[in-house]
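Down below is the structure, laid out as structure tokens.
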Amino acid sequence: MSFGPEVLALDCNAEIQRISEWMIDSLANRLRRRGVVVAISGGIDSSVCAALAVRALGPERVYGLLLPERDSSSDSARRGELLARHLGIAFETHDIAPALQALGCYRQRDDAIRHVVPEYTDAWKCKIVISGGLERGINFFKLVVQSPDGAQREVRLPLRQYLQIVAATNFKQRVRKNIEYFHADRLNYAVIGTPNRLEYDQGFFVKNGDGAADLKPIAHLYKTQVYALARHMELPAEICSAAPTTDTYSLAQGQDEFYFALPHAQMDLALWAHDHQRPAAELAQALGLSEAQAQRVYADIEAKRRTTQYLHASALLVEPVDGVVKLA
Amino acid sequence: MNDIKVQVRRYIEDNFLMGARGRSVGDADSFLDNHILDSTGFLELITFLEEHYRIEIDNDEMLPENLDSLLRIEAFVRRKLAPAMQDVTP
């Protein structure tokens, strides 16, 4: 039996209704907060989360934050502002570059880069890309640098430098979350987390950074479905058509270059097929891959789930502590 | 160099298993299939092999058939060291 993108078809009206009811119930009965803070990146996920919150709570209970830094694309800020105005929500822009500078984010990152590319300066651009994946190899990471004259080159990152670059850039997501919680505490609001199903399931988030939130309204939805909701809610066309990027490095970095084995539409189908126990041969047919490649995609999905358990985990305890009541 | 397997096993047991009870690594055990190493773990192992044996592992050598068990690592490291060893062996 073959399958295709139709398996991800969504009844958008029903889904919006379901999420709205859940959001109101969560705020009123469980979290006991009066509204939500959403950091708006200009990408599809945070845009849909903000729009869903407005549908559920009304624009007056949604506070938007635009949190650019030195490496953010100016397009992101423009799309973010466009969305906030489109939704009619209160919002503010907080440039986090000075905070990141003070914390040593850029210096720590650049020190690690200069270990492998000594001539690297502020005038250069960079990103990290993954290697391995669909090929037969063991995953490793390469640094791509671009000199001011536009020449690019790639170098394999030694482990210590790779970890330091990632650790330094993780400051970005964690500083953003600090600011989101400042406003949430100030307003007595809850914080919305914006991962889609691919990101949530496969652990593509920073622990205590973008992974931290009180509500994650689209964590159960495939990216394809998030795009469908965006179009259904008639969000601005350029948001509906924006390609997913991490917006974390100075060179544009597609999510599938850094983390996922395939572009998101194919990755959605792969995850769906994996979870519906479809044989690799069927996935191969659906995506135009060889069966061996499809098997490696399945293996990669499982490996990422195992590797990222730590990201989902709360702090481990020696034993349960009596008297601590968990939210139902 | 007969003890490559012994040295790598000790490194893996010290560094990754940390003496956790009930866990050991057999010669032919796949690190991937037995969830002994994740992707960062492999990068740590590669750094260890490069530093300890003074070899350089190329991008296209980062393959399970070279690195995904003690036996495979032993064979791979021996191949990498072979030219150097020929130089010093009468």
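Simple scheme: letters A, B, ... for chains in structure tokens order, numbers from 1 for residues in each chain, numbers from 1 for ligands in the order shown.
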Exercise for the section: With a distance cut-off of 6 Å and only C-alpha atoms, select the neighbouring residues of B:Ser30, excluding the residue or stretch itself and same-chain residues fewer than 4 positions from it, and output the selection as a PyMOL selection string. Expected result: chain B and resi 34+68-69
Selected residues written out with C-alpha atoms, as a tab-separated table (two decimals), in the first residue's frame:
chain	number	residue	atom	x	y	z
B	34	ASN	CA	23.62	-1.47	21.87
B	68	ASP	CA	31.29	0.39	15.28
B	69	SER	CA	32.80	-2.33	17.48
If you count only C-alpha atoms, which residues fall within 10 Å of stretch 2-8 of chain B, apart from same-chain ones fewer than 5 positions away, as a compact mmCIF listing (two decimals) with N, CA and C atoms, in the first residue's frame?
# COMPACT_ATOMS: atom_id res chain seq x y z
N GLU B 13 34.84 1.95 28.63
CA GLU B 13 34.25 1.61 29.94
C GLU B 13 34.46 2.75 30.94
N ASP B 14 35.62 3.38 30.89
CA ASP B 14 35.88 4.49 31.84
C ASP B 14 35.06 5.72 31.47
N ASP B 27 33.60 -7.88 22.27
CA ASP B 27 34.47 -7.53 21.14
C ASP B 27 33.69 -7.14 19.90
N LEU B 45 34.97 9.39 20.76
CA LEU B 45 35.80 8.21 20.48
C LEU B 45 36.81 8.52 19.37
N PHE B 48 39.58 10.53 20.71
CA PHE B 48 40.47 9.66 21.50
C PHE B 48 41.41 8.87 20.57
N LEU B 49 40.85 8.27 19.53
CA LEU B 49 41.68 7.45 18.63
C LEU B 49 42.74 8.31 17.94
N HIS B 52 45.31 9.41 20.80
CA HIS B 52 46.03 8.31 21.45
C HIS B 52 46.97 7.60 20.48
N TYR B 53 46.49 7.39 19.23
CA TYR B 53 47.30 6.63 18.27
C TYR B 53 47.99 7.55 17.26
N SER B 69 32.60 -1.27 16.49
CA SER B 69 32.80 -2.33 17.48
C SER B 69 34.29 -2.34 17.82
N LEU B 70 34.63 -3.00 18.90
CA LEU B 70 36.05 -3.07 19.27
C LEU B 70 36.86 -3.79 18.20
N LEU B 71 36.31 -4.86 17.63
CA LEU B 71 37.04 -5.60 16.59
C LEU B 71 37.28 -4.73 15.37
N ARG B 72 36.25 -3.98 14.97
CA ARG B 72 36.39 -3.13 13.79
C ARG B 72 37.41 -2.00 14.05
N ILE B 73 37.37 -1.44 15.24
CA ILE B 73 38.32 -0.38 15.56
C ILE B 73 39.74 -0.93 15.54
N GLU B 74 39.91 -2.12 16.11
CA GLU B 74 41.25 -2.70 16.13
C GLU B 74 41.79 -2.88 14.71
N ALA B 75 40.95 -3.42 13.84
CA ALA B 75 41.39 -3.65 12.46
C ALA B 75 41.67 -2.31 11.78
N VAL B 77 42.42 0.70 13.14
CA VAL B 77 43.61 1.39 13.67
C VAL B 77 44.88 0.69 13.19
N ARG B 78 44.86 -0.62 13.14
CA ARG B 78 46.03 -1.36 12.62
C ARG B 78 46.34 -0.95 11.18
Exercise for the section: Considering only C-alpha atoms, extract the chain A residues located within 8 Å of chain B and return them as an MDAnalysis selection string. Expected result: chainID A and resid 136:140 156 158:159 303 307
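Distances from A:Ala261, A:Ala167, A:Ala77, A:Val37 to A:Gly104 were compared using only C-alpha atoms, and the smallest one belongs to A:Ala167.
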Exercise for the section: Just the alpha helix (DSSP H) stuff from stretch 2-230 of chain A, please, per backbone DSSP, written as a VMD selection string. Expected result: chain A and resid 12 to 25 44 to 57 74 to 87 97 to 103 105 to 116 159 to 187 197 to 202 223 to 230
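Compared by their closest atoms to A:Ser314, and using only C-alpha atoms, the residues A:Arg34, A:His183, A:Lys207, A:Arg176 rank with A:Lys207 nearest.
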Problem - Counting only C-alpha atoms, the residue of A:Ala112, A:His94, A:Pro236, A:Thr246 that sits nearest A:Leu82 - result: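 Under the stated criterion, the closest residue is A:Pro236.
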Handout entry: Expected answer as a PyMOL selection string: strand (DSSP E or B) residues in stretch 115-251 of chain A
Key = chain A and resi 125-131+140-146+152-156+190-192+215+245
Who sits within 6 Å of stretch 55-67 of chain A, only C-alpha atoms, same chain under 6 positions skipped, as a compact mmCIF listing (two decimals) with C-alpha atoms, in the first residue's frame:
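File produced: around-v3.txt:
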# COMPACT_ATOMS: atom_id res chain seq x y z
CA SER A 20 -8.47 27.02 21.48
CA GLY A 35 -2.69 35.48 28.94
CA VAL A 36 0.34 34.34 26.97
CA VAL A 37 3.73 35.64 25.88
CA VAL A 38 4.92 34.51 22.44
CA ALA A 39 8.37 35.18 21.04
CA ILE A 40 7.85 35.82 17.34
CA ILE A 89 -1.34 42.33 19.47
CA ALA A 90 0.84 44.45 21.75
CA PHE A 91 4.52 43.71 21.16
CA GLU A 92 7.99 45.03 21.69
CA THR A 93 11.41 44.52 20.17
CA HIS A 94 14.32 43.75 22.47
CA ASP A 95 17.72 43.46 20.78
Handout entry: For A:Pro98: contacts at 12 Å, only C-alpha atoms, fewer than 2 positions along chain excluded, given as a list in words
Key = Leu67, Pro68, Glu69, Arg70, His94, Asp95, Ile96, Leu100, Gln101, Ala102, Leu103, Gly104, Cys105, Tyr106, Lys172 and Val175 of chain A
Exercise for the section: Record the distance separating atom CA of A:Ser73 and atom CA of A:Ser250, expressed in Å with one decimal. Expected result: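 Interatomic distance, atom CA of A:Ser73 to atom CA of A:Ser250: 8.0 Å.
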Problem - Long-range neighbours of A:Lys223 as a list in words, 7 Å cut-off, only C-alpha atoms, 5 positions minimum in chain - result: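 After dropping sequence-adjacent residues, the list is Asn196, Arg197, Leu198, His264 and Asp268 of chain A.
From atom CA of B:Phe76 back to atom CA of B:Asp29, the distance works out to 15.7 Å.
Of the listed residues (A:Ile24, A:Ile113, A:Cys12, A:Cys126), A:Cys126 comes nearest to A:Ala252; the distances count only C-alpha atoms.
Using only C-alpha atoms, the protein and nucleic acid residues lying no more than 8 Å from A:Met23, apart from those fewer than 2 places from it along its own chain, are A:Ile19, A:Ser20, A:Glu21, A:Asp25, A:Ser26, A:Leu27, A:Ala53, A:Ala56, A:Leu215, A:Pro217.
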Based on the selection just made, write N, CA and C atoms of those residues as a compact mmCIF listing (two decimals), in the first residue's frame.
# COMPACT_ATOMS: atom_id res chain seq x y z
N ILE A 19 -7.60 23.30 19.76
CA ILE A 19 -6.45 23.96 20.40
C ILE A 19 -6.94 25.15 21.25
N SER A 20 -7.93 25.87 20.74
CA SER A 20 -8.47 27.02 21.48
C SER A 20 -9.04 26.58 22.83
N GLU A 21 -9.84 25.52 22.79
CA GLU A 21 -10.45 25.05 24.04
C GLU A 21 -9.39 24.59 25.02
N ASP A 25 -8.66 26.24 28.71
CA ASP A 25 -8.71 25.36 29.88
C ASP A 25 -7.36 25.35 30.61
N SER A 26 -6.27 25.30 29.83
CA SER A 26 -4.94 25.24 30.44
C SER A 26 -4.65 26.51 31.25
N LEU A 27 -4.99 27.65 30.69
CA LEU A 27 -4.71 28.91 31.38
C LEU A 27 -5.62 29.08 32.60
N ALA A 53 -3.17 31.63 19.55
CA ALA A 53 -3.42 32.25 20.85
C ALA A 53 -4.43 33.39 20.70
N ALA A 56 -7.83 31.98 20.36
CA ALA A 56 -8.36 31.42 21.61
C ALA A 56 -8.69 32.51 22.62
N LEU A 215 3.19 26.12 27.69
CA LEU A 215 2.23 25.55 26.74
C LEU A 215 2.91 25.36 25.40
N PRO A 217 1.48 24.54 21.88
CA PRO A 217 0.21 24.28 21.20
C PRO A 217 0.32 23.51 19.88
